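protein.cif follows; it contains mmCIF, C-alpha atoms and all ligand atoms.
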```
data_final
loop_
_atom_site.label_atom_id
_atom_site.label_comp_id
_atom_site.auth_asym_id
_atom_site.auth_seq_id
_atom_site.Cartn_x
_atom_site.Cartn_y
_atom_site.Cartn_z
CA MET A 1 43.26 89.94 81.37
CA THR A 2 45.24 93.14 80.78
CA LEU A 3 45.42 94.14 77.14
CA ALA A 4 48.51 95.92 75.82
CA PRO A 5 47.84 99.27 74.09
CA THR A 6 47.32 99.01 70.34
CA ALA A 7 47.35 101.52 67.51
CA LEU A 8 43.97 103.08 66.84
CA ARG A 9 42.10 101.70 63.82
CA THR A 10 39.31 103.67 62.17
CA ILE A 11 36.28 102.28 60.34
CA THR A 12 34.02 104.80 58.64
CA VAL A 13 30.25 104.62 58.66
CA ALA A 14 30.05 106.07 55.16
CA LEU A 15 26.68 107.82 55.27
CA THR A 16 26.08 110.31 52.47
CA GLU A 17 25.26 113.00 55.03
CA ASN A 18 27.40 113.12 58.16
CA PRO A 19 29.68 110.07 57.87
CA TYR A 20 31.46 109.28 61.12
CA PRO A 21 34.38 107.22 62.40
CA VAL A 22 34.36 104.17 64.63
CA VAL A 23 37.76 104.35 66.35
CA ILE A 24 38.98 101.08 67.88
CA GLY A 25 42.08 100.54 70.00
CA THR A 26 43.18 99.33 73.40
CA GLY A 27 43.79 102.44 75.49
CA ALA A 28 41.53 104.60 73.27
CA LEU A 29 39.58 105.92 76.27
CA ALA A 30 42.57 108.05 77.28
CA ASP A 31 42.34 109.63 73.82
CA LEU A 32 38.62 110.50 74.10
CA GLY A 33 39.19 114.26 74.51
CA ALA A 34 41.57 114.43 71.53
CA GLN A 35 39.21 112.35 69.37
CA VAL A 36 36.26 114.61 70.24
CA ALA A 37 38.38 117.66 69.42
CA ALA A 38 39.33 116.04 66.11
CA ARG A 39 35.59 115.89 65.28
CA GLY A 40 35.49 119.69 65.38
CA PHE A 41 34.29 120.41 68.93
CA LYS A 42 36.00 123.51 70.30
CA ALA A 43 37.67 123.84 73.71
CA GLY A 44 35.11 125.09 76.24
CA THR A 45 32.24 123.06 74.72
CA LYS A 46 29.95 121.65 77.42
CA VAL A 47 30.03 117.86 77.52
CA LEU A 48 27.62 115.77 79.58
CA VAL A 49 28.95 112.25 80.14
CA VAL A 50 26.00 109.93 80.81
CA THR A 51 26.92 106.67 82.48
CA ASN A 52 25.76 104.17 85.12
CA PRO A 53 27.20 103.49 88.60
CA VAL A 54 29.33 100.45 87.70
CA VAL A 55 30.80 101.97 84.55
CA HIS A 56 31.29 105.31 86.30
CA ASP A 57 33.33 103.60 89.04
CA HIS A 58 35.56 101.89 86.50
CA TYR A 59 35.88 104.40 83.69
CA GLY A 60 34.17 107.69 84.61
CA ALA A 61 37.32 109.39 85.85
CA ALA A 62 39.35 108.36 82.78
CA ALA A 63 36.68 109.74 80.42
CA LEU A 64 36.30 113.03 82.32
CA THR A 65 40.05 113.52 82.72
CA SER A 66 40.65 113.02 79.02
CA LEU A 67 37.82 115.42 78.04
CA GLN A 68 38.91 118.07 80.55
CA ALA A 69 42.55 117.79 79.48
CA ALA A 70 41.39 118.60 75.94
CA GLY A 71 39.72 121.76 77.26
CA PHE A 72 36.08 120.61 77.40
CA ALA A 73 33.72 121.64 80.21
CA ALA A 74 32.87 118.04 81.02
CA SER A 75 30.76 116.69 83.86
CA ALA A 76 29.08 113.35 84.54
CA LEU A 77 25.50 112.24 85.10
CA VAL A 78 25.10 108.80 86.66
CA ILE A 79 21.80 107.05 85.93
CA GLU A 80 20.64 103.69 87.29
CA ALA A 81 21.73 100.55 85.42
CA GLY A 82 19.38 97.96 83.95
CA GLU A 83 16.91 97.34 81.14
CA ASP A 84 14.03 98.22 83.48
CA GLN A 85 15.48 101.74 83.75
CA LYS A 86 15.31 102.22 79.96
CA THR A 87 12.26 104.48 80.20
CA THR A 88 11.07 107.94 79.26
CA ALA A 89 11.37 108.78 82.98
CA THR A 90 15.14 108.16 82.93
CA VAL A 91 15.50 110.14 79.71
CA GLY A 92 13.66 112.89 81.61
CA LEU A 93 16.48 112.85 84.16
CA ILE A 94 19.02 113.34 81.38
CA HIS A 95 16.93 116.25 80.04
CA ASP A 96 16.81 117.70 83.57
CA ALA A 97 20.61 117.57 83.77
CA ALA A 98 20.88 119.12 80.29
CA PHE A 99 18.67 121.97 81.49
CA ALA A 100 20.48 122.41 84.83
CA ARG A 101 23.89 122.41 83.14
CA LYS A 102 22.65 124.71 80.37
CA LEU A 103 23.55 122.47 77.43
CA GLU A 104 23.28 124.41 74.18
CA ARG A 105 22.82 123.44 70.53
CA GLY A 106 26.60 123.10 70.19
CA SER A 107 27.00 120.99 73.35
CA LEU A 108 27.69 117.28 73.39
CA ILE A 109 26.39 114.22 75.22
CA VAL A 110 28.81 111.32 75.64
CA ALA A 111 27.26 107.89 76.29
CA LEU A 112 29.68 105.85 78.40
CA GLY A 113 28.32 102.35 79.01
CA GLY A 114 26.45 99.45 77.48
CA GLY A 115 23.49 99.52 75.12
CA VAL A 116 21.07 100.71 77.80
CA VAL A 117 23.09 103.87 78.50
CA GLY A 118 23.83 104.32 74.78
CA ASP A 119 20.19 104.04 73.67
CA MET A 120 18.98 106.47 76.35
CA ALA A 121 21.78 109.03 76.10
CA GLY A 122 21.39 108.90 72.31
CA PHE A 123 17.64 109.48 72.58
CA ALA A 124 18.12 112.33 75.06
CA ALA A 125 20.60 113.91 72.61
CA ALA A 126 18.16 113.37 69.71
CA THR A 127 15.42 115.23 71.56
CA TRP A 128 17.22 117.95 73.57
CA LEU A 129 16.84 121.28 71.72
CA ARG A 130 15.56 119.19 68.77
CA GLY A 131 18.87 117.37 68.56
CA ILE A 132 22.38 117.89 69.88
CA ALA A 133 25.49 115.84 69.16
CA VAL A 134 26.21 112.48 70.77
CA VAL A 135 29.40 110.44 70.99
CA GLN A 136 29.10 106.75 71.83
CA VAL A 137 31.74 105.13 74.07
CA PRO A 138 30.49 101.53 74.42
CA THR A 139 31.80 99.39 77.28
CA THR A 140 30.04 96.06 76.63
CA LEU A 141 30.87 93.70 73.75
CA LEU A 142 27.27 93.92 72.56
CA ALA A 143 27.32 97.71 72.44
CA MET A 144 30.76 97.76 70.76
CA VAL A 145 29.71 95.50 67.91
CA ASP A 146 26.09 96.58 67.56
CA ALA A 147 24.20 99.09 69.72
CA ALA A 148 26.67 102.00 69.58
CA ILE A 149 26.90 101.98 65.77
CA GLY A 150 24.05 102.93 63.48
CA GLY A 151 22.05 105.62 65.22
CA LYS A 152 19.10 103.68 66.62
CA THR A 153 18.23 105.30 69.95
CA GLY A 154 15.25 104.95 72.23
CA VAL A 155 13.54 103.55 75.28
CA ASN A 156 11.02 100.87 76.18
CA HIS A 157 7.26 101.37 76.51
CA PRO A 158 5.30 99.22 78.99
CA GLY A 159 3.80 97.59 75.87
CA GLY A 160 7.13 96.53 74.37
CA LYS A 161 10.86 97.01 73.91
CA ASN A 162 12.29 99.99 72.03
CA LEU A 163 8.86 101.21 70.92
CA ILE A 164 9.81 104.89 71.50
CA GLY A 165 12.84 106.18 69.68
CA ALA A 166 14.59 108.12 66.97
CA PHE A 167 17.37 107.67 64.47
CA HIS A 168 20.22 109.88 65.67
CA GLN A 169 23.67 109.04 64.37
CA PRO A 170 26.64 109.64 66.68
CA ARG A 171 29.50 111.96 65.66
CA LEU A 172 32.04 109.39 66.81
CA VAL A 173 32.10 105.89 68.25
CA LEU A 174 35.15 105.22 70.43
CA ILE A 175 35.82 101.57 71.33
CA ASP A 176 38.42 100.70 73.95
CA PRO A 177 38.56 96.88 74.24
CA SER A 178 40.40 97.14 77.58
CA THR A 179 37.10 98.19 79.21
CA LEU A 180 35.89 94.61 78.58
CA ALA A 181 38.30 93.38 81.29
CA THR A 182 35.69 94.20 83.96
CA LEU A 183 32.63 93.01 82.01
CA PRO A 184 30.90 89.97 83.57
CA GLU A 185 31.50 86.84 81.47
CA ARG A 186 27.80 86.25 80.89
CA GLU A 187 27.57 89.71 79.28
CA PHE A 188 30.64 88.95 77.14
CA ARG A 189 29.01 85.75 75.89
CA ALA A 190 25.78 87.60 75.08
CA GLY A 191 27.77 90.05 72.94
CA MET A 192 29.43 87.15 71.15
CA ALA A 193 26.00 86.10 69.80
CA GLU A 194 25.89 89.35 67.79
CA VAL A 195 29.45 88.75 66.52
CA ILE A 196 28.45 85.28 65.28
CA LYS A 197 25.39 86.94 63.70
CA TYR A 198 27.63 89.13 61.49
CA GLY A 199 29.53 86.04 60.39
CA VAL A 200 26.32 84.33 59.29
CA ILE A 201 24.64 87.32 57.65
CA ASN A 202 27.50 88.84 55.66
CA ASP A 203 31.02 87.96 56.70
CA ALA A 204 32.09 84.37 55.96
CA PRO A 205 35.80 85.13 56.70
CA LEU A 206 34.82 86.40 60.18
CA PHE A 207 32.83 83.19 60.67
CA ALA A 208 35.90 81.12 59.67
CA ASP A 209 38.08 83.13 62.07
CA LEU A 210 35.65 82.34 64.89
CA GLU A 211 35.59 78.67 63.86
CA ALA A 212 39.37 78.44 64.30
CA ALA A 213 39.01 79.57 67.94
CA ALA A 214 36.06 77.21 68.44
CA ALA A 215 38.09 74.31 67.04
CA ARG A 216 40.72 74.85 69.75
CA ASP A 217 38.03 74.66 72.47
CA PRO A 218 34.55 73.59 71.26
CA ASN A 219 33.00 74.25 74.68
CA GLY A 220 34.41 77.65 75.54
CA GLY A 221 36.81 78.95 72.87
CA LEU A 222 34.61 82.03 72.36
CA ALA A 223 33.14 82.29 75.84
CA SER A 224 35.46 84.76 77.56
CA ILE A 225 37.92 87.51 76.80
CA GLU A 226 40.75 85.26 78.01
CA ALA A 227 39.72 82.40 75.68
CA VAL A 228 39.39 84.74 72.71
CA GLY A 229 42.68 86.58 73.37
CA PRO A 230 43.73 90.07 72.28
CA ALA A 231 44.44 89.44 68.59
CA LEU A 232 41.12 87.77 67.78
CA LEU A 233 39.29 90.29 69.97
CA GLN A 234 40.69 93.20 67.97
CA ARG A 235 39.84 91.43 64.68
CA LEU A 236 36.30 90.55 65.65
CA LEU A 237 35.64 94.10 66.85
CA GLU A 238 36.94 95.51 63.58
CA ARG A 239 35.09 92.98 61.40
CA SER A 240 31.81 93.35 63.30
CA ALA A 241 31.99 97.14 63.28
CA GLY A 242 32.85 96.97 59.58
CA ALA A 243 29.90 94.67 58.85
CA LYS A 244 27.49 96.93 60.72
CA ALA A 245 28.95 100.07 59.13
CA ARG A 246 28.47 98.63 55.62
CA VAL A 247 24.84 97.73 56.23
CA VAL A 248 23.97 101.03 57.93
CA ALA A 249 25.68 103.05 55.20
CA ALA A 250 23.64 101.20 52.57
CA ASP A 251 20.31 101.54 54.41
CA GLU A 252 20.40 104.03 57.26
CA ARG A 253 16.68 103.91 58.15
CA GLU A 254 15.92 100.23 57.60
CA GLY A 255 14.09 100.61 54.32
CA GLY A 256 15.38 97.19 53.23
CA LEU A 257 18.86 95.71 53.69
CA ARG A 258 19.28 96.84 57.33
CA ALA A 259 16.59 94.31 58.29
CA ILE A 260 19.24 91.56 57.91
CA LEU A 261 20.71 92.82 61.21
CA ASN A 262 17.59 91.38 62.81
CA TYR A 263 18.81 87.83 62.12
CA GLY A 264 17.94 85.73 65.18
CA HIS A 265 15.89 88.56 66.63
CA THR A 266 12.42 87.40 65.52
CA ILE A 267 12.26 84.29 67.72
CA GLY A 268 14.78 85.95 70.08
CA HIS A 269 12.31 88.72 70.92
CA VAL A 270 9.56 86.14 71.48
CA ILE A 271 11.76 84.28 73.97
CA GLU A 272 12.65 87.51 75.78
CA ALA A 273 9.03 88.64 75.95
CA LEU A 274 7.41 85.31 76.91
CA CYS A 275 10.02 84.43 79.54
CA GLY A 276 9.93 87.93 81.04
CA TYR A 277 12.57 90.52 80.11
CA GLY A 278 15.80 89.85 81.97
CA THR A 279 15.40 86.06 82.22
CA TYR A 280 17.49 85.73 79.09
CA LEU A 281 19.99 88.43 78.18
CA HIS A 282 19.28 89.91 74.75
CA GLY A 283 22.29 88.17 73.19
CA GLU A 284 21.35 84.81 74.72
CA ALA A 285 17.87 85.09 73.20
CA VAL A 286 19.40 86.12 69.85
CA GLY A 287 21.62 83.00 69.95
CA LEU A 288 18.51 80.84 70.43
CA GLY A 289 16.76 82.83 67.70
CA MET A 290 19.64 82.11 65.31
CA LEU A 291 19.34 78.40 66.08
CA ALA A 292 15.61 78.63 65.33
CA ALA A 293 16.18 80.56 62.08
CA GLY A 294 18.84 78.01 61.09
CA GLN A 295 16.44 75.15 61.74
CA ILE A 296 13.65 76.86 59.76
CA ALA A 297 16.07 77.50 56.87
CA ALA A 298 17.07 73.83 56.87
CA ALA A 299 13.41 72.75 56.97
CA MET A 300 12.69 74.99 53.96
CA GLY A 301 15.73 73.63 52.08
CA LEU A 302 17.50 77.01 52.09
CA TRP A 303 20.76 75.83 53.61
CA THR A 304 22.30 72.51 54.55
CA GLY A 305 22.38 70.55 57.79
CA ALA A 306 26.18 70.90 57.71
CA GLU A 307 25.95 74.71 57.69
CA GLN A 308 23.38 74.57 60.47
CA ALA A 309 25.80 72.45 62.52
CA ARG A 310 28.63 74.96 61.92
CA GLN A 311 26.47 77.75 63.33
CA ARG A 312 25.51 75.61 66.32
CA ASN A 313 29.19 74.84 67.01
CA LEU A 314 30.01 78.54 67.32
CA ILE A 315 27.04 79.18 69.60
CA ARG A 316 28.19 76.28 71.77
CA ALA A 317 31.80 77.56 71.84
CA ALA A 318 30.48 80.93 73.00
CA GLY A 319 28.89 79.22 76.00
CA LEU A 320 25.44 80.41 74.94
CA PRO A 321 22.24 78.44 75.63
CA LEU A 322 21.47 75.79 72.99
CA GLN A 323 18.02 74.81 74.13
CA PRO A 324 15.10 77.23 74.22
CA PRO A 325 12.62 77.14 77.07
CA GLU A 326 9.37 75.25 76.49
CA LEU A 327 6.86 77.77 75.21
CA GLU A 328 3.18 77.36 74.40
CA PRO A 329 2.99 77.20 70.55
CA ALA A 330 -0.09 79.47 70.42
CA ALA A 331 1.67 82.04 72.62
CA VAL A 332 4.71 82.01 70.30
CA LEU A 333 2.59 82.59 67.20
CA ASP A 334 0.57 85.29 68.96
CA CYS A 335 3.71 87.05 70.17
CA LEU A 336 5.21 86.95 66.66
CA GLN A 337 2.23 88.94 65.39
CA GLY A 338 3.14 91.74 67.81
CA ASP A 339 6.68 91.98 66.43
CA LYS A 340 7.82 95.38 65.07
CA LYS A 341 8.90 93.57 61.90
CA VAL A 342 5.40 92.35 60.93
CA ARG A 343 4.23 93.79 57.59
CA ASP A 344 0.59 93.35 56.51
CA GLY A 345 0.14 90.66 59.16
CA LYS A 346 3.06 88.59 57.78
CA VAL A 347 6.02 87.84 60.03
CA ARG A 348 9.34 88.51 58.32
CA PHE A 349 12.17 86.10 59.04
CA VAL A 350 15.82 86.60 58.16
CA LEU A 351 16.96 83.14 57.03
CA PRO A 352 20.45 81.94 56.08
CA THR A 353 21.10 80.48 52.65
CA ALA A 354 24.82 79.87 53.32
CA ILE A 355 27.42 81.06 55.84
CA GLY A 356 27.69 84.75 54.96
CA THR A 357 24.37 85.16 53.13
CA VAL A 358 20.76 85.57 54.23
CA VAL A 359 17.36 86.27 52.66
CA ILE A 360 14.26 87.89 54.10
CA ARG A 361 11.14 85.73 53.85
CA ASP A 362 7.56 86.30 54.94
CA ASP A 363 6.24 82.85 54.01
CA VAL A 364 7.25 80.80 57.05
CA ASP A 365 4.07 79.04 58.14
CA GLY A 366 2.95 78.57 61.73
CA GLU A 367 3.39 74.79 61.58
CA THR A 368 7.08 75.12 60.61
CA ILE A 369 7.63 77.55 63.49
CA THR A 370 5.93 75.25 65.99
CA LYS A 371 7.85 72.17 64.76
CA THR A 372 11.12 74.11 64.92
CA MET A 373 10.57 75.19 68.51
CA GLN A 374 9.60 71.64 69.48
CA ALA A 375 12.67 70.19 67.76
CA LEU A 376 15.01 72.64 69.46
CA THR A 377 13.39 72.14 72.86
CA THR A 378 13.39 68.37 72.82
CA ALA A 379 15.87 66.92 70.31
CA THR A 380 19.02 65.96 72.20
CA ALA A 381 20.67 64.99 68.91
CA LEU A 382 20.74 68.64 67.96
CA ARG A 383 22.58 69.79 71.08
P1 LIG B 401 23.60 96.85 79.37
O1 LIG B 401 23.77 98.21 78.84
O2 LIG B 401 22.45 96.61 80.30
O3 LIG B 401 24.94 96.42 80.10
C1 LIG B 401 25.00 95.14 80.69
C2 LIG B 401 25.57 95.20 82.09
O4 LIG B 401 26.97 95.37 82.01
C3 LIG B 401 25.05 96.34 82.94
O5 LIG B 401 24.82 95.85 84.24
C4 LIG B 401 26.22 97.34 82.97
O6 LIG B 401 26.25 98.08 84.15
C5 LIG B 401 27.40 96.40 82.88
N1 LIG B 401 28.58 96.97 82.28
C6 LIG B 401 28.66 97.68 81.14
N2 LIG B 401 29.94 97.87 80.81
C7 LIG B 401 30.70 97.30 81.77
C8 LIG B 401 32.08 97.15 81.95
N3 LIG B 401 32.96 97.55 81.04
N4 LIG B 401 32.51 96.53 83.08
C9 LIG B 401 31.62 96.05 83.98
N5 LIG B 401 30.29 96.11 83.83
C10 LIG B 401 29.83 96.73 82.72
O7 LIG B 401 23.45 95.77 78.22
P2 LIG B 401 23.99 95.69 76.72
O8 LIG B 401 23.97 94.27 76.38
O9 LIG B 401 25.23 96.46 76.50
O10 LIG B 401 22.86 96.45 75.89
C11 LIG B 401 21.55 95.96 75.82
C12 LIG B 401 20.66 97.08 75.34
O11 LIG B 401 21.10 97.50 74.06
C13 LIG B 401 19.22 96.69 75.19
O12 LIG B 401 18.41 97.68 75.77
C14 LIG B 401 19.00 96.65 73.69
O13 LIG B 401 17.68 96.99 73.32
C15 LIG B 401 19.97 97.68 73.22
N6 LIG B 401 20.43 97.49 71.83
C16 LIG B 401 20.38 98.55 71.01
C17 LIG B 401 20.82 98.43 69.70
C18 LIG B 401 20.80 99.63 68.80
O14 LIG B 401 21.02 99.47 67.60
N7 LIG B 401 20.59 100.80 69.33
C19 LIG B 401 21.29 97.20 69.23
C20 LIG B 401 21.35 96.12 70.11
C21 LIG B 401 20.91 96.27 71.42
N1 LIG B 402 20.50 96.22 65.95
C1 LIG B 402 19.79 96.34 64.73
C2 LIG B 402 20.06 97.60 63.97
O1 LIG B 402 20.87 98.40 64.39
O2 LIG B 402 19.46 97.84 62.97
#
```
Rewrite the structure from the file as structure tokens, please.
Ligand code: NAD
Ligand code: GLY
Amino acid sequence: MTLAPTALRTITVALTENPYPVVIGTGALADLGAQVAARGFKAGTKVLVVTNPVVHDHYGAAALTSLQAAGFAASALVIEAGEDQKTTATVGLIHDAAFARKLERGSLIVALGGGVVGDMAGFAAATWLRGIAVVQVPTTLLAMVDAAIGGKTGVNHPGGKNLIGAFHQPRLVLIDPSTLATLPEREFRAGMAEVIKYGVINDAPLFADLEAAAARDPNGGLASIEAVGPALLQRLLERSAGAKARVVAADEREGGLRAILNYGHTIGHVIEALCGYGTYLHGEAVGLGMLAAGQIAAAMGLWTGAEQARQRNLIRAAGLPLQPPELEPAAVLDCLQGDKKVRDGKVRFVLPTAIGTVVIRDDVDGETITKTMQALTTATALR
């Protein structure tokens, strides 16, 4: 689907120190150079555009042309795609390029790609010369609504995902929805899980907006860019970015509130880890994790069966999996103990109390978790 150009909309991540804009608009990529200049970078500044082969083929030239037209000394570095490349070794390659191209304190790294590129380019920027500037130009739905905003950067360790990293906020996030035209549908659907997440955790009007699309087509109304259409796409990008910006501005380093962004991620990470990374896309696992959290919340009397069904309907309309794989209960409980979010041996769950509101609880017992997983795996009535 070709999207017509739209006016640029700006959402501010209102941090006390160094607030920054999230600029959203179809055709925005052509404006990258001007937007970078508007953030105070002078003509002649060295800019290293980090991207992967697929994204480079589609959008590398547009990004470089725009930066060069604005007077920047821009060049590209293409790194391999894939979660398995999200390593310190790949970040080493970005550092090597920074050294070879003589990036200075005032230079800039631009991350052009999905969350894998964004996390690594951001981490390379956080660590080169003890920190140089980064601009995030996300090209997947998941990165547009989540990974590119908020300053979490890092790589995987053989022992677990995202164990090595740093907070390093970007100077600018530039979102051009037209780049989603080439994104595989499965990746689009995975990103939609994070959009639904924002609706459940703190944006009931966004949830209602998504429900209207799901009502038109319960089995696919949110599953592709064509089904969603340009108007809803623009709205959900703005609302999701706004929801993330609010939470990050209130709690930049996850001292408290920011943990609500992990809704669906507790069981989601277990599914990703036990099934082998890559079997489920991150967003697919998060969708299953939201179903599990919803079921636990219902079992604990925190929200109603009707609300649980509304969440399930959106996940179905997004074409996401509704049934988790069968997992050994002891392995699930063991894996939960290894989660980054464990405090004093207690697993913290983000649980919904209504559409648009969640609480953080550390008193979910093992039996409830096991029963939930069994119910989701076997109960056809729930599908
Ligand atoms: P990804 O970066 O692996 O991209 C998915 C696939 O889409 C890749 O094959 C990529 O080449 C391709 N692609 C990207 N843009 C494209 C386009 N416009 N057209 C065609 N193909 C395109 O995956 P992702 O879902 O964007 O990101 C997942 C990563 O993000 C994970 O490593 C996760 O840990 C991280 N993440 C980070 C944060 C954060 O706050 N930093 C939040 C959520 C997820
Ligand atoms: N994706 C979770 C966070 O940014 O905190």
Select from chain A every residue with an atom at most 8 Å from any atom of ligand LIG 402 (chain B), then for each give the shortest pair of atoms and their distance in Å to one decimal, using only C-alpha atoms and all ligand atoms, rows by chain and rising number, as JSON lines.
```
{"residue": "A:Asp146", "atom": "CA", "partner": "B:LIG402", "partner_atom": "N1", "distance": 5.8}
{"residue": "A:Ala147", "atom": "CA", "partner": "B:LIG402", "partner_atom": "N1", "distance": 6.0}
{"residue": "A:Ile149", "atom": "CA", "partner": "B:LIG402", "partner_atom": "O1", "distance": 7.1}
{"residue": "A:Gly150", "atom": "CA", "partner": "B:LIG402", "partner_atom": "O1", "distance": 5.6}
{"residue": "A:Gly151", "atom": "CA", "partner": "B:LIG402", "partner_atom": "O1", "distance": 7.4}
{"residue": "A:Lys152", "atom": "CA", "partner": "B:LIG402", "partner_atom": "O1", "distance": 6.0}
{"residue": "A:Lys244", "atom": "CA", "partner": "B:LIG402", "partner_atom": "O1", "distance": 7.7}
{"residue": "A:Val248", "atom": "CA", "partner": "B:LIG402", "partner_atom": "O2", "distance": 7.5}
{"residue": "A:Glu254", "atom": "CA", "partner": "B:LIG402", "partner_atom": "O2", "distance": 6.9}
{"residue": "A:Arg258", "atom": "CA", "partner": "B:LIG402", "partner_atom": "O2", "distance": 5.7}
{"residue": "A:Ala259", "atom": "CA", "partner": "B:LIG402", "partner_atom": "O2", "distance": 6.5}
{"residue": "A:Leu261", "atom": "CA", "partner": "B:LIG402", "partner_atom": "C1", "distance": 5.1}
{"residue": "A:Asn262", "atom": "CA", "partner": "B:LIG402", "partner_atom": "C1", "distance": 5.8}
```
Between atom CA of A:Ala143 and atom C14 of ligand LIG 401 (chain B) lies a distance of 8.5 Å
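Shortest separation to ligand LIG 401 (chain B) among A:Ser107, A:Gln85, A:Gln234, A:Gln311 occurs at residue A:Gln85, atoms counted being all atoms listed in the file.
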Of the candidates A:Asn52, A:Thr370, A:Ser224, A:Thr87, which shows the shortest atom-to-atom distance to ligand LIG 401 (chain B), using only C-alpha atoms and all ligand atoms?
A:Asn52
Could you list, as a VMD selection string, all residues that come within 8 Å of ligand LIG 401 (chain B)? Count all atoms listed in the file.
chain A and resid 52 to 55 58 to 59 81 to 83 86 113 to 119 138 to 143 146 to 155 161 to 162 179 to 184 187 190 to 191 281 to 283
Rank A:Glu284, A:Asp57, A:Asp251, A:Asp363 by their smallest atom-to-atom distance to A:Ala318, using only C-alpha atoms, and report the top residue only.
A:Glu284
Measuring between only C-alpha atoms, which one of A:Val270, A:Leu291, A:Ala73, A:Ile355 shows the shortest distance to A:Val49?
A:Ala73
Which residue of A:Gly287, A:Gln295, A:Leu274, A:Glu367 approaches A:Leu327 most closely, using only C-alpha atoms:
A:Leu274
